Each structure stands twice: as C-alpha cells, then as structure tokens.
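The next block is model.tsv, given as TSV, C-alpha atoms (C1' of nucleotides).
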chain	number	residue	atom	x	y	z
A	93	MET	CA	10.06	-10.99	-45.13
A	94	ALA	CA	13.19	-9.35	-43.83
A	95	ALA	CA	13.49	-7.93	-47.31
A	96	HIS	CA	9.94	-6.67	-47.17
A	97	LYS	CA	10.55	-5.00	-43.86
A	98	ALA	CA	13.71	-3.37	-45.14
A	99	GLN	CA	11.75	-2.19	-48.14
A	100	THR	CA	9.12	-0.57	-45.97
A	101	THR	CA	11.77	0.99	-43.78
A	102	LEU	CA	13.54	2.44	-46.78
A	103	SER	CA	10.36	3.97	-48.14
A	104	ALA	CA	9.59	5.46	-44.77
A	105	LEU	CA	13.07	6.93	-44.50
A	106	LYS	CA	12.73	8.45	-47.93
A	107	GLN	CA	9.41	9.94	-46.99
A	108	ALA	CA	10.85	11.20	-43.71
A	109	GLU	CA	13.72	12.84	-45.51
A	110	SER	CA	11.51	14.64	-47.97
A	111	ARG	CA	9.24	15.78	-45.18
A	112	CYS	CA	12.22	17.29	-43.35
A	113	ASN	CA	13.42	18.94	-46.55
A	114	THR	CA	10.15	20.66	-47.21
A	115	ARG	CA	10.07	21.80	-43.61
A	116	GLY	CA	13.57	23.16	-43.74
A	117	THR	CA	14.99	20.76	-41.18
A	118	ARG	CA	17.62	18.10	-41.62
A	119	LEU	CA	17.37	14.36	-41.23
A	120	THR	CA	20.98	13.84	-40.25
A	121	GLU	CA	22.76	10.49	-40.23
A	122	LYS	CA	22.17	9.88	-36.51
A	123	ARG	CA	18.58	10.98	-36.71
A	124	ARG	CA	18.07	8.60	-39.59
A	125	GLN	CA	19.70	5.82	-37.60
A	126	VAL	CA	17.48	6.35	-34.58
A	127	LEU	CA	14.42	6.46	-36.79
A	128	THR	CA	15.58	3.28	-38.50
A	129	GLY	CA	15.87	1.57	-35.13
A	130	LEU	CA	12.28	2.42	-34.35
A	131	LEU	CA	11.01	1.53	-37.82
A	132	ASP	CA	12.68	-1.87	-37.66
A	133	SER	CA	11.40	-2.59	-34.18
A	134	LYS	CA	8.10	-4.32	-33.72
A	135	LYS	CA	7.77	-2.81	-30.27
A	136	ALA	CA	8.23	0.48	-28.51
A	137	LEU	CA	11.79	1.23	-27.45
A	138	SER	CA	13.16	3.35	-24.66
A	139	ALA	CA	15.86	5.93	-25.29
A	140	TYR	CA	18.37	3.69	-23.63
A	141	GLU	CA	17.28	0.72	-25.71
A	142	LEU	CA	18.03	2.84	-28.75
A	143	THR	CA	21.56	3.44	-27.55
A	144	ASP	CA	21.85	-0.35	-27.30
A	145	TYR	CA	20.51	-0.61	-30.82
A	146	CYS	CA	23.28	1.66	-32.07
A	147	ARG	CA	25.90	-0.27	-30.17
A	148	ASP	CA	24.66	-3.61	-31.50
A	149	HIS	CA	23.78	-2.70	-35.08
A	150	LEU	CA	25.93	0.28	-35.89
A	151	GLY	CA	29.06	-0.38	-33.91
A	152	TYR	CA	29.10	2.78	-31.84
A	153	GLN	CA	27.34	3.95	-28.70
A	154	LEU	CA	25.15	6.94	-29.25
A	155	PRO	CA	24.97	8.85	-25.94
A	156	ALA	CA	21.61	8.79	-24.20
A	157	MET	CA	21.53	12.58	-24.21
A	158	SER	CA	21.79	12.59	-27.99
A	159	VAL	CA	19.11	9.98	-28.31
A	160	TYR	CA	16.75	12.09	-26.24
A	161	ARG	CA	17.44	15.13	-28.35
A	162	ILE	CA	17.02	13.21	-31.56
A	163	LEU	CA	13.75	11.71	-30.37
A	164	GLU	CA	12.54	15.17	-29.49
A	165	PHE	CA	13.41	16.33	-32.96
A	166	LEU	CA	11.71	13.37	-34.63
A	167	GLU	CA	8.63	13.89	-32.55
A	168	GLY	CA	8.53	17.52	-33.66
A	169	GLU	CA	8.55	16.30	-37.25
A	170	SER	CA	5.69	13.90	-36.49
A	171	LEU	CA	7.89	10.96	-37.33
A	172	VAL	CA	7.81	9.31	-33.91
A	173	HIS	CA	5.46	9.32	-30.96
A	174	ARG	CA	6.49	9.36	-27.35
A	175	LEU	CA	4.36	7.03	-25.23
A	176	ASP	CA	4.11	8.55	-21.77
A	177	LEU	CA	2.58	5.49	-20.26
A	178	ALA	CA	5.39	3.20	-21.35
A	179	LYS	CA	8.12	5.83	-21.34
A	180	LYS	CA	9.06	4.51	-24.73
A	181	TYR	CA	8.96	5.63	-28.33
A	182	VAL	CA	7.51	4.31	-31.58
A	183	ALA	CA	7.79	5.32	-35.20
A	184	CYS	CA	4.60	6.89	-36.41
A	185	SER	CA	2.71	4.27	-38.36
A	186	HIS	CA	1.55	6.85	-40.88
A	187	ILE	CA	4.86	8.09	-42.18
A	188	LEU	CA	4.12	6.49	-45.51
A	189	CYS	CA	0.70	8.03	-45.88
A	190	ASP	CA	0.21	11.42	-47.38
A	191	HIS	CA	-3.34	12.10	-46.37
A	192	GLU	CA	-4.43	13.50	-43.02
A	193	HIS	CA	-5.34	11.15	-40.19
A	194	ASP	CA	-7.48	11.43	-37.15
A	195	LEU	CA	-5.43	11.81	-34.03
A	196	PRO	CA	-4.10	8.40	-33.17
A	197	GLN	CA	-4.72	6.40	-30.05
A	198	PHE	CA	-2.19	3.89	-28.82
A	199	LEU	CA	-2.77	0.47	-27.43
A	200	ILE	CA	0.36	-0.51	-25.56
A	201	CYS	CA	0.97	-4.05	-24.44
A	202	LYS	CA	2.28	-3.79	-20.92
A	203	GLU	CA	4.00	-7.14	-21.25
A	204	CYS	CA	5.92	-6.94	-24.50
A	205	TYR	CA	5.50	-3.29	-25.50
A	206	ARG	CA	3.99	-4.12	-28.84
A	207	VAL	CA	2.03	-1.06	-29.90
A	208	GLN	CA	-1.04	-0.77	-32.05
A	209	GLU	CA	-2.03	2.62	-33.40
A	210	ILE	CA	-5.79	2.94	-33.83
A	211	SER	CA	-8.28	5.67	-34.48
A	212	ILE	CA	-11.17	5.78	-32.08
A	213	LYS	CA	-14.47	6.66	-33.65
A	214	ARG	CA	-15.34	10.29	-33.55
A	215	ASN	CA	-18.55	9.97	-31.60
A	216	LEU	CA	-16.81	7.88	-28.99
A	217	MET	CA	-14.17	10.56	-28.54
A	218	GLN	CA	-16.91	13.17	-28.36
A	219	SER	CA	-18.67	11.30	-25.59
A	220	LEU	CA	-15.43	10.94	-23.73
A	221	ASN	CA	-14.65	14.61	-24.04
A	222	ARG	CA	-18.10	15.44	-22.74
A	223	SER	CA	-17.65	13.21	-19.70
A	224	VAL	CA	-14.37	14.90	-18.95
A	225	GLU	CA	-15.81	18.36	-19.40
A	226	GLU	CA	-18.63	17.57	-17.02
A	227	ALA	CA	-15.99	17.12	-14.35
A	228	ASP	CA	-14.56	20.52	-15.26
A	229	PHE	CA	-11.42	19.06	-16.76
A	230	LYS	CA	-10.13	18.97	-20.33
A	231	LEU	CA	-8.16	16.21	-22.03
A	232	ALA	CA	-4.59	17.40	-22.36
A	233	SER	CA	-4.39	15.65	-25.70
A	234	GLN	CA	-6.71	13.73	-27.97
A	235	GLN	CA	-3.86	11.31	-28.52
A	236	LEU	CA	-4.77	8.76	-25.87
A	237	GLU	CA	-2.74	5.85	-24.61
A	238	PHE	CA	-4.21	2.70	-23.17
A	239	ASP	CA	-2.48	0.16	-21.00
A	240	CYS	CA	-3.31	-3.15	-22.66
A	241	VAL	CA	-2.34	-6.75	-23.11
A	242	CYS	CA	-1.89	-7.93	-26.68
A	243	SER	CA	-3.14	-11.19	-28.10
A	244	ASP	CA	0.36	-12.69	-27.96
A	245	CYS	CA	0.59	-12.03	-24.24
A	246	TYR	CA	-2.73	-13.16	-22.87
A	247	GLU	CA	-3.27	-16.87	-22.69
B	233	MET	CA	-13.08	24.74	6.62
B	234	ALA	CA	-9.89	23.24	7.97
B	235	ALA	CA	-12.13	21.79	10.65
B	236	HIS	CA	-14.42	20.33	8.04
B	237	LYS	CA	-11.53	18.74	6.22
B	238	ALA	CA	-10.15	17.28	9.43
B	239	GLN	CA	-13.61	15.92	10.15
B	240	THR	CA	-13.77	14.18	6.79
B	241	THR	CA	-10.26	12.84	7.24
B	242	LEU	CA	-11.10	11.45	10.65
B	243	SER	CA	-14.19	9.68	9.36
B	244	ALA	CA	-12.21	8.23	6.50
B	245	LEU	CA	-9.51	7.01	8.86
B	246	LYS	CA	-12.10	5.37	11.04
B	247	GLN	CA	-13.66	3.68	8.05
B	248	ALA	CA	-10.21	2.61	6.85
B	249	GLU	CA	-9.39	1.12	10.21
B	250	SER	CA	-12.57	-0.89	10.41
B	251	ARG	CA	-12.09	-2.11	6.87
B	252	CYS	CA	-8.63	-3.35	7.79
B	253	ASN	CA	-9.96	-4.99	10.93
B	254	THR	CA	-12.61	-6.94	9.11
B	255	ARG	CA	-10.00	-8.02	6.56
B	256	GLY	CA	-7.58	-9.14	9.23
B	257	THR	CA	-4.92	-6.57	8.37
B	258	ARG	CA	-3.59	-3.75	10.47
B	259	LEU	CA	-3.71	-0.02	9.89
B	260	THR	CA	-0.53	0.75	11.78
B	261	GLU	CA	0.51	4.19	12.93
B	262	LYS	CA	2.75	4.86	9.91
B	263	ARG	CA	0.16	3.50	7.51
B	264	ARG	CA	-2.39	5.78	9.06
B	265	GLN	CA	-0.03	8.71	8.75
B	266	VAL	CA	0.64	8.10	5.08
B	267	LEU	CA	-3.07	7.73	4.43
B	268	THR	CA	-3.71	10.94	6.35
B	269	GLY	CA	-1.20	12.73	4.18
B	270	LEU	CA	-3.09	11.67	1.08
B	271	LEU	CA	-6.49	12.39	2.56
B	272	ASP	CA	-5.44	15.89	3.53
B	273	SER	CA	-3.90	16.61	0.17
B	274	LYS	CA	-5.97	18.12	-2.58
B	275	LYS	CA	-3.64	16.66	-5.16
B	276	ALA	CA	-1.84	13.44	-5.95
B	277	LEU	CA	1.44	12.98	-4.11
B	278	SER	CA	4.53	11.01	-5.02
B	279	ALA	CA	6.12	8.63	-2.56
B	280	TYR	CA	8.91	11.09	-1.99
B	281	GLU	CA	6.47	13.91	-1.41
B	282	LEU	CA	4.96	11.77	1.29
B	283	THR	CA	8.31	11.45	3.01
B	284	ASP	CA	8.42	15.24	2.91
B	285	TYR	CA	4.97	15.32	4.42
B	286	CYS	CA	6.15	13.22	7.34
B	287	ARG	CA	9.19	15.40	7.83
B	288	ASP	CA	7.16	18.61	7.75
B	289	HIS	CA	4.05	17.56	9.66
B	290	LEU	CA	5.16	14.71	11.85
B	291	GLY	CA	8.71	15.61	12.68
B	292	TYR	CA	10.42	12.52	11.35
B	293	GLN	CA	11.53	11.32	7.96
B	294	LEU	CA	9.82	8.15	6.88
B	295	PRO	CA	12.20	6.33	4.50
B	296	ALA	CA	11.10	6.18	0.88
B	297	MET	CA	11.28	2.41	0.95
B	298	SER	CA	8.76	2.32	3.78
B	299	VAL	CA	6.48	4.73	1.98
B	300	TYR	CA	6.46	2.52	-1.07
B	301	ARG	CA	5.63	-0.52	1.01
B	302	ILE	CA	2.92	1.30	2.86
B	303	LEU	CA	1.40	2.60	-0.35
B	304	GLU	CA	1.41	-0.91	-1.72
B	305	PHE	CA	-0.41	-2.10	1.36
B	306	LEU	CA	-2.97	0.70	1.21
B	307	GLU	CA	-3.57	0.02	-2.45
B	308	GLY	CA	-4.21	-3.61	-1.63
B	309	GLU	CA	-6.85	-2.49	0.86
B	310	SER	CA	-8.45	-0.28	-1.80
B	311	LEU	CA	-7.70	2.78	0.28
B	312	VAL	CA	-5.43	4.49	-2.22
B	313	HIS	CA	-4.93	4.41	-5.97
B	314	ARG	CA	-1.64	4.54	-7.74
B	315	LEU	CA	-1.74	6.75	-10.82
B	316	ASP	CA	0.67	5.31	-13.34
B	317	LEU	CA	0.50	8.30	-15.59
B	318	ALA	CA	1.53	10.73	-12.90
B	319	LYS	CA	3.60	8.29	-10.85
B	320	LYS	CA	1.71	9.61	-7.87
B	321	TYR	CA	-0.85	8.39	-5.39
B	322	VAL	CA	-4.28	9.51	-4.22
B	323	ALA	CA	-6.61	8.44	-1.46
B	324	CYS	CA	-9.62	6.62	-2.84
B	325	SER	CA	-12.48	9.07	-2.93
B	326	HIS	CA	-14.92	6.35	-1.93
B	327	ILE	CA	-13.48	5.31	1.41
B	328	LEU	CA	-16.49	6.81	3.14
B	329	CYS	CA	-19.03	5.03	0.99
B	330	ASP	CA	-20.24	1.58	1.79
B	331	HIS	CA	-21.93	0.67	-1.46
B	332	GLU	CA	-20.19	-0.70	-4.51
B	333	HIS	CA	-18.94	1.62	-7.21
B	334	ASP	CA	-18.20	1.26	-10.85
B	335	LEU	CA	-14.53	1.09	-11.57
B	336	PRO	CA	-13.21	4.62	-11.32
B	337	GLN	CA	-11.53	6.66	-14.00
B	338	PHE	CA	-9.07	9.35	-13.10
B	339	LEU	CA	-8.70	12.77	-14.60
B	340	ILE	CA	-5.24	13.99	-13.68
B	341	CYS	CA	-4.26	17.60	-14.13
B	342	LYS	CA	-0.79	17.52	-15.62
B	343	GLU	CA	-0.07	20.99	-14.26
B	344	CYS	CA	-1.06	20.80	-10.61
B	345	TYR	CA	-1.82	17.11	-10.11
B	346	ARG	CA	-5.31	17.74	-8.91
B	347	VAL	CA	-7.24	14.54	-9.47
B	348	GLN	CA	-10.89	13.98	-10.17
B	349	GLU	CA	-12.33	10.51	-9.85
B	350	ILE	CA	-15.21	9.92	-12.24
B	351	SER	CA	-17.22	7.02	-13.50
B	352	ILE	CA	-17.50	6.79	-17.23
B	353	LYS	CA	-20.84	5.65	-18.51
B	354	ARG	CA	-21.15	1.96	-19.08
B	355	ASN	CA	-21.99	2.11	-22.76
B	356	LEU	CA	-19.05	4.40	-23.39
B	357	MET	CA	-16.72	1.92	-21.72
B	358	GLN	CA	-18.33	-0.86	-23.74
B	359	SER	CA	-17.67	0.96	-26.99
B	360	LEU	CA	-14.13	1.59	-25.97
B	361	ASN	CA	-13.57	-2.04	-25.08
B	362	ARG	CA	-14.98	-3.05	-28.44
B	363	SER	CA	-12.63	-0.72	-30.30
B	364	VAL	CA	-9.69	-2.16	-28.41
B	365	GLU	CA	-10.78	-5.73	-29.04
B	366	GLU	CA	-11.10	-5.05	-32.75
B	367	ALA	CA	-7.37	-4.36	-32.72
B	368	ASP	CA	-6.81	-7.68	-30.96
B	369	PHE	CA	-5.79	-6.06	-27.69
B	370	LYS	CA	-7.46	-5.99	-24.29
B	371	LEU	CA	-7.49	-3.16	-21.79
B	372	ALA	CA	-5.18	-4.13	-18.94
B	373	SER	CA	-7.57	-2.45	-16.51
B	374	GLN	CA	-10.93	-0.76	-16.66
B	375	GLN	CA	-9.51	1.85	-14.31
B	376	LEU	CA	-8.41	4.40	-16.87
B	377	GLU	CA	-6.29	7.49	-16.37
B	378	PHE	CA	-6.49	10.56	-18.52
B	379	ASP	CA	-3.91	13.26	-18.87
B	380	CYS	CA	-5.89	16.47	-18.39
B	381	VAL	CA	-5.78	20.11	-17.49
B	382	CYS	CA	-8.11	21.21	-14.73
B	383	SER	CA	-10.20	24.35	-14.71
B	384	ASP	CA	-7.77	26.07	-12.35
B	385	CYS	CA	-4.91	25.54	-14.76
B	386	TYR	CA	-6.32	26.46	-18.12
B	387	GLU	CA	-6.81	30.14	-18.76
C	155	DA	C1'	38.32	28.33	-50.19
C	156	DT	C1'	37.79	30.83	-45.67
C	157	DC	C1'	35.82	32.16	-41.77
C	158	DA	C1'	32.08	33.35	-38.49
C	159	DA	C1'	27.68	31.88	-36.83
C	160	DA	C1'	24.45	28.43	-36.07
C	161	DA	C1'	23.13	23.71	-35.60
C	162	DA	C1'	24.07	19.24	-33.94
C	163	DT	C1'	26.34	16.16	-30.99
C	164	DG	C1'	29.27	14.66	-26.91
C	165	DA	C1'	30.49	14.40	-21.96
C	166	DT	C1'	29.40	14.85	-17.37
C	167	DA	C1'	26.73	15.45	-13.50
C	168	DC	C1'	22.62	15.07	-11.34
C	169	DA	C1'	17.43	14.54	-10.16
C	170	DA	C1'	13.17	11.64	-9.51
C	171	DC	C1'	11.04	7.31	-9.19
C	172	DG	C1'	11.41	2.72	-8.00
C	173	DT	C1'	13.25	-2.14	-6.54
C	174	DA	C1'	16.28	-5.71	-4.28
C	175	DT	C1'	18.35	-7.19	-0.25
C	176	DC	C1'	19.48	-7.71	4.30
C	177	DA	C1'	19.22	-5.93	9.08
C	178	DT	C1'	16.45	-4.43	12.87
C	179	DT	C1'	12.43	-3.51	15.39
C	180	DT	C1'	7.69	-4.37	16.77
C	181	DA	C1'	3.60	-7.04	17.51
C	182	DA	C1'	1.06	-11.72	18.15
C	183	DG	C1'	0.24	-16.06	19.90
C	184	DT	C1'	1.45	-19.91	22.62
D	38	DA	C1'	8.56	-14.74	28.55
D	39	DC	C1'	9.76	-16.56	24.30
D	40	DT	C1'	9.28	-17.72	19.59
D	41	DT	C1'	7.63	-16.44	15.26
D	42	DA	C1'	5.77	-13.47	11.95
D	43	DA	C1'	4.89	-8.81	10.47
D	44	DA	C1'	6.49	-4.29	9.80
D	45	DT	C1'	9.98	-0.99	9.25
D	46	DG	C1'	14.85	0.78	8.45
D	47	DA	C1'	19.24	1.17	5.87
D	48	DT	C1'	21.84	0.69	1.91
D	49	DA	C1'	22.76	-0.01	-2.69
D	50	DC	C1'	21.45	0.08	-7.17
D	51	DG	C1'	18.64	0.41	-11.76
D	52	DT	C1'	15.96	3.25	-15.16
D	53	DT	C1'	14.30	7.37	-17.12
D	54	DG	C1'	15.15	11.94	-17.86
D	55	DT	C1'	17.18	16.94	-17.56
D	56	DA	C1'	20.74	20.69	-17.03
D	57	DT	C1'	24.94	22.43	-18.46
D	58	DC	C1'	28.93	23.20	-20.84
D	59	DA	C1'	32.28	21.60	-24.35
D	60	DT	C1'	33.17	20.10	-28.96
D	61	DT	C1'	32.21	19.06	-33.63
D	62	DT	C1'	29.80	19.72	-37.93
D	63	DT	C1'	27.24	22.32	-41.17
D	64	DT	C1'	25.79	26.59	-43.34
D	65	DG	C1'	26.17	30.86	-45.56
D	66	DA	C1'	28.41	35.05	-46.65
D	67	DT	C1'	32.56	36.98	-48.25
Encoding of this model in structure tokens:
Amino acid sequence: MAAHKAQTTLSALKQAESRCNTRGTRLTEKRRQVLTGLLDSKKALSAYELTDYCRDHLGYQLPAMSVYRILEFLEGESLVHRLDLAKKYVACSHILCDHEHDLPQFLICKECYRVQEISIKRNLMQSLNRSVEEADFKLASQQLEFDCVCSDCYE
Amino acid sequence: MAAHKAQTTLSALKQAESRCNTRGTRLTEKRRQVLTGLLDSKKALSAYELTDYCRDHLGYQLPAMSVYRILEFLEGESLVHRLDLAKKYVACSHILCDHEHDLPQFLICKECYRVQEISIKRNLMQSLNRSVEEADFKLASQQLEFDCVCSDCYE
DNA sequence: ATCAAAAATGATACAACGTATCATTTAAGT
DNA sequence: ACTTAAATGATACGTTGTATCATTTTTGAT
C-alpha cells in the first residue's frame, strides 16, 4: 500500500515534469520535493507544514518564503490548488489524467483537512450562477470550496 | 440620505437591545458601538478595522482583543455574521425583521468587501447537499459564503 | 569552457488576523 | 456597602502571508 502510493506519486511526478517541459518551465528539485510532499499527504498542508515536511523527510529546512514561491509556481502549472478557506494547499487530483475536466469543487474537512475534489453537476452550477447574478454579483471563480466535515470526523 | 441611514441604524440598535434583553444578555455601550460601526458600514469590516472605527469616530481606541470578544458576543446573539472567507464581519441584514429566515448565504466582493446576503432556493441547496453527501462529506454549515465580484467592481 | 543575463532560492523584516492569559474595571444582587 | 460575576484592558505570542534585497544556480551566447 505504501508501495502503491509511491507508485502513484512517481507517475504523477513524471507527468508533472513532462507538463512543465512542454510548457517551457522547469520542475526543479525543490519544486519536485514540495509537490511530492503534497502528493504523499492525504490532507491539505499549509506552507509552513511543508517546511516541516522538508525538515522531517529531506533533512533540510526549506524557507517558508521559498515554499510560498514554489506553491505559486505549481499552482500556475495547475499541479496544486490553493484552498482559500483552509489556507492550505493540495496536489491536483487530476495530474495523472490527460483529458479536460470540469472545474473542480473542493470539499474540505474542517477537522482533519482531508480534501475531496468533486465536480458539481453543470445544471446545479448554472442555477447557482443565476442566483448570484440576480443579486448583481458574479462568482469570482467556478472553483468553489465548501467547509465540510468528512465521514471520519463526524460521529 | 445620511439621515435615513442613521434612522435605520437606530431602529436596528433598538431591536438589538430588546433582543438582548429578552435573552437576558446585555448590549453594553462598547457592544453597541461595535454594532453601530458594522451597521453604518456598507462593507464587511475586520476586527482591526473596527478598532480604527472607534479611534476615528469615537475618540478612543478599543483594543483588538475586546473587539474580538464583542464580535463573538454579537455573533452569538445573531446580530452579526463572521465571514470566514474574508476574515471580516457584517451586521446581520435581518436584525429589523421579526419573522424567521432561511439560512443566509453571503456573496462577498473580493475587491471592495461589499456583502450581499441572499437566500438560495431550497431545491438548489438540496441538490448541493446531495452532491456533497455522495462524496461522503457533509456541509459544516448551510450558511455558505461565495467569493464574488460585485457590479461596482467588474468593468 | 567562459561569462553575462536570467531564473531560482535564501535571509530578514514585517504586516494582518487571531488566541491565551492574567489583571483590572464595571455592573448585579444580596 | 460588599461580594461575586461579567466585561474590558494589557501583554505576549502563534500562524499565515508579503516585501525586499542578497545570493546561488542555470541558461545561452560567444
């Protein structure tokens, strides 16, 4: 199972690297390490938790400033998502897929920060957008985040 | 127009006071002042912005710690809402109403922090809850917040 | 291979939001 | 008036995040 996870992580890293190559950007060692930390985590991690990850698993302390910059880079490559609500970050669950996806929605457990990436049905999103437009507002993004409790955390 | 706003604020304060009385709590001077600041503001304010409000309008600096406690109290009395997404606070737009309301949803302009309180249609909320439950999560609250741009802020 | 320019990373300081803790003041009830 | 509880103040600290400048690493042209 650990082996399986490592396998998935390795495939994702390979995919991430080739995506950067075709885009003319570089997946440097530290960027790969930060991405690995997120891929291997079952929950969303804060920037500072990722510096801890480096300290604990890699033997050196990556400065928070660097982590923020690296996360910004990875987000630009669509390899990670920043969750505003939790102020944490997750690896995109679709790195391994080639095909296009609907914009993802995130269910974030407020207790344990486990994150589930779902796709809300189109007509539901349309209704929501209409409700918002009726109030003369527009959704800033179709990538919604919902404060939730996961099945592990509710009794 | 300033007169009209003051009028509305006064009515809301009166209603807030009587609500506290019937609940056996007290709307103290400072609590009233913080609530006034929110009522008179057309946008969500942070705790620290409310200390500024006291400094600028009331001539003394209410400590941030006190503001946080007062906001917590007012939230408990359903007089203000805390907006997690914006880390700011708004007066409940239904203080003046007596009747029950559906749980409110908040549209928060990420540019200017203007806030619109709406009620999403029941069947839309039901669909959303079903989608979340299919992923084995539960919404932590039916009081949703949406990151938006208001009509003043988009071109 | 060398060297200049660009990209990436490090170090430091600081800002905003928020909580924990203990001290002080104010109000309530006997 | 006095005791107790409620409310507020003061201080210190924790977390997330940005601004800025210095240093290192990589790239590309010669």
Problem set entry | Counting all atoms listed in the file, chain A residues within 7 Å of chain B, as a list in words |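 Those within range of chain B come out as Leu177, Ile212, Leu216, Ser223, Asp228, Phe229, Lys230, Leu231, Ala232, Phe238, Asp239, Cys240, Val241, Cys242 and Ser243 of chain A.
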Exercise. What is the distance between CA of His313 (chain B) and CA of Arg263 (chain B), in Å to one decimal?
Worked result: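 These two atoms are separated by 14.4 Å.
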Please, which residues in chain D fall within 12 Å of chain A when counting only C-alpha atoms (C1' of nucleotides), and what is the closest atom pair and distance in Å to one decimal for each, ordered by chain then residue number, as JSON lines?
{"residue": "D:DT52", "atom": "C1'", "partner": "A:Tyr140", "partner_atom": "CA", "distance": 8.8}
{"residue": "D:DT53", "atom": "C1'", "partner": "A:Lys179", "partner_atom": "CA", "distance": 7.6}
{"residue": "D:DG54", "atom": "C1'", "partner": "A:Tyr160", "partner_atom": "CA", "distance": 8.5}
{"residue": "D:DT55", "atom": "C1'", "partner": "A:Met157", "partner_atom": "CA", "distance": 9.1}
{"residue": "D:DA56", "atom": "C1'", "partner": "A:Met157", "partner_atom": "CA", "distance": 10.9}
{"residue": "D:DT57", "atom": "C1'", "partner": "A:Met157", "partner_atom": "CA", "distance": 11.9}
{"residue": "D:DT62", "atom": "C1'", "partner": "A:Thr120", "partner_atom": "CA", "distance": 10.9}
{"residue": "D:DT63", "atom": "C1'", "partner": "A:Arg118", "partner_atom": "CA", "distance": 10.5}
{"residue": "D:DT64", "atom": "C1'", "partner": "A:Arg118", "partner_atom": "CA", "distance": 11.9}
Produce a file of the selected residues containing C-alpha atoms (C1' of nucleotides), as a PDB file, in the coordinates of the input.
ATOM      1  C1'  DT D  52      15.960   3.250 -15.160  1.00  0.00           C
ATOM      2  C1'  DT D  53      14.300   7.370 -17.120  1.00  0.00           C
ATOM      3  C1'  DG D  54      15.150  11.940 -17.860  1.00  0.00           C
ATOM      4  C1'  DT D  55      17.180  16.940 -17.560  1.00  0.00           C
ATOM      5  C1'  DA D  56      20.740  20.690 -17.030  1.00  0.00           C
ATOM      6  C1'  DT D  57      24.940  22.430 -18.460  1.00  0.00           C
ATOM      7  C1'  DT D  62      29.800  19.720 -37.930  1.00  0.00           C
ATOM      8  C1'  DT D  63      27.240  22.320 -41.170  1.00  0.00           C
ATOM      9  C1'  DT D  64      25.790  26.590 -43.340  1.00  0.00           C
TER      10       DT D  64
END
For this session: Could you please tell me, as a VMD selection string, which residues of chain C have an atom within 10 Å of chain B when using only C-alpha atoms (C1' of nucleotides)?
Result: chain C and resid 170 to 173
Exercise. Looking at only C-alpha atoms, which of B:Leu270, B:Ala238, B:Cys324, B:Ala248 is the one that sits closest to Gln337 (chain B)?
Worked result: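 Using only C-alpha atoms, Gln337 (chain B) sits closest to B:Cys324.
Pairwise distance (CA of Lys106 (chain A), CA of Pro155 (chain A)) equals 25.2 Å.
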For this session: Find the residues around DA158 (chain C) up to 12 Å (only C-alpha atoms (C1' of nucleotides) counted), leave out those fewer than 4 positions away in its own chain, and share them as a list in words.
Result: DT64, DG65, DA66 and DT67 of chain D
Exercise. So how far away is CA of Ser325 (chain B) from CA of Glu309 (chain B), in Å?
Worked result: 13.4 Å
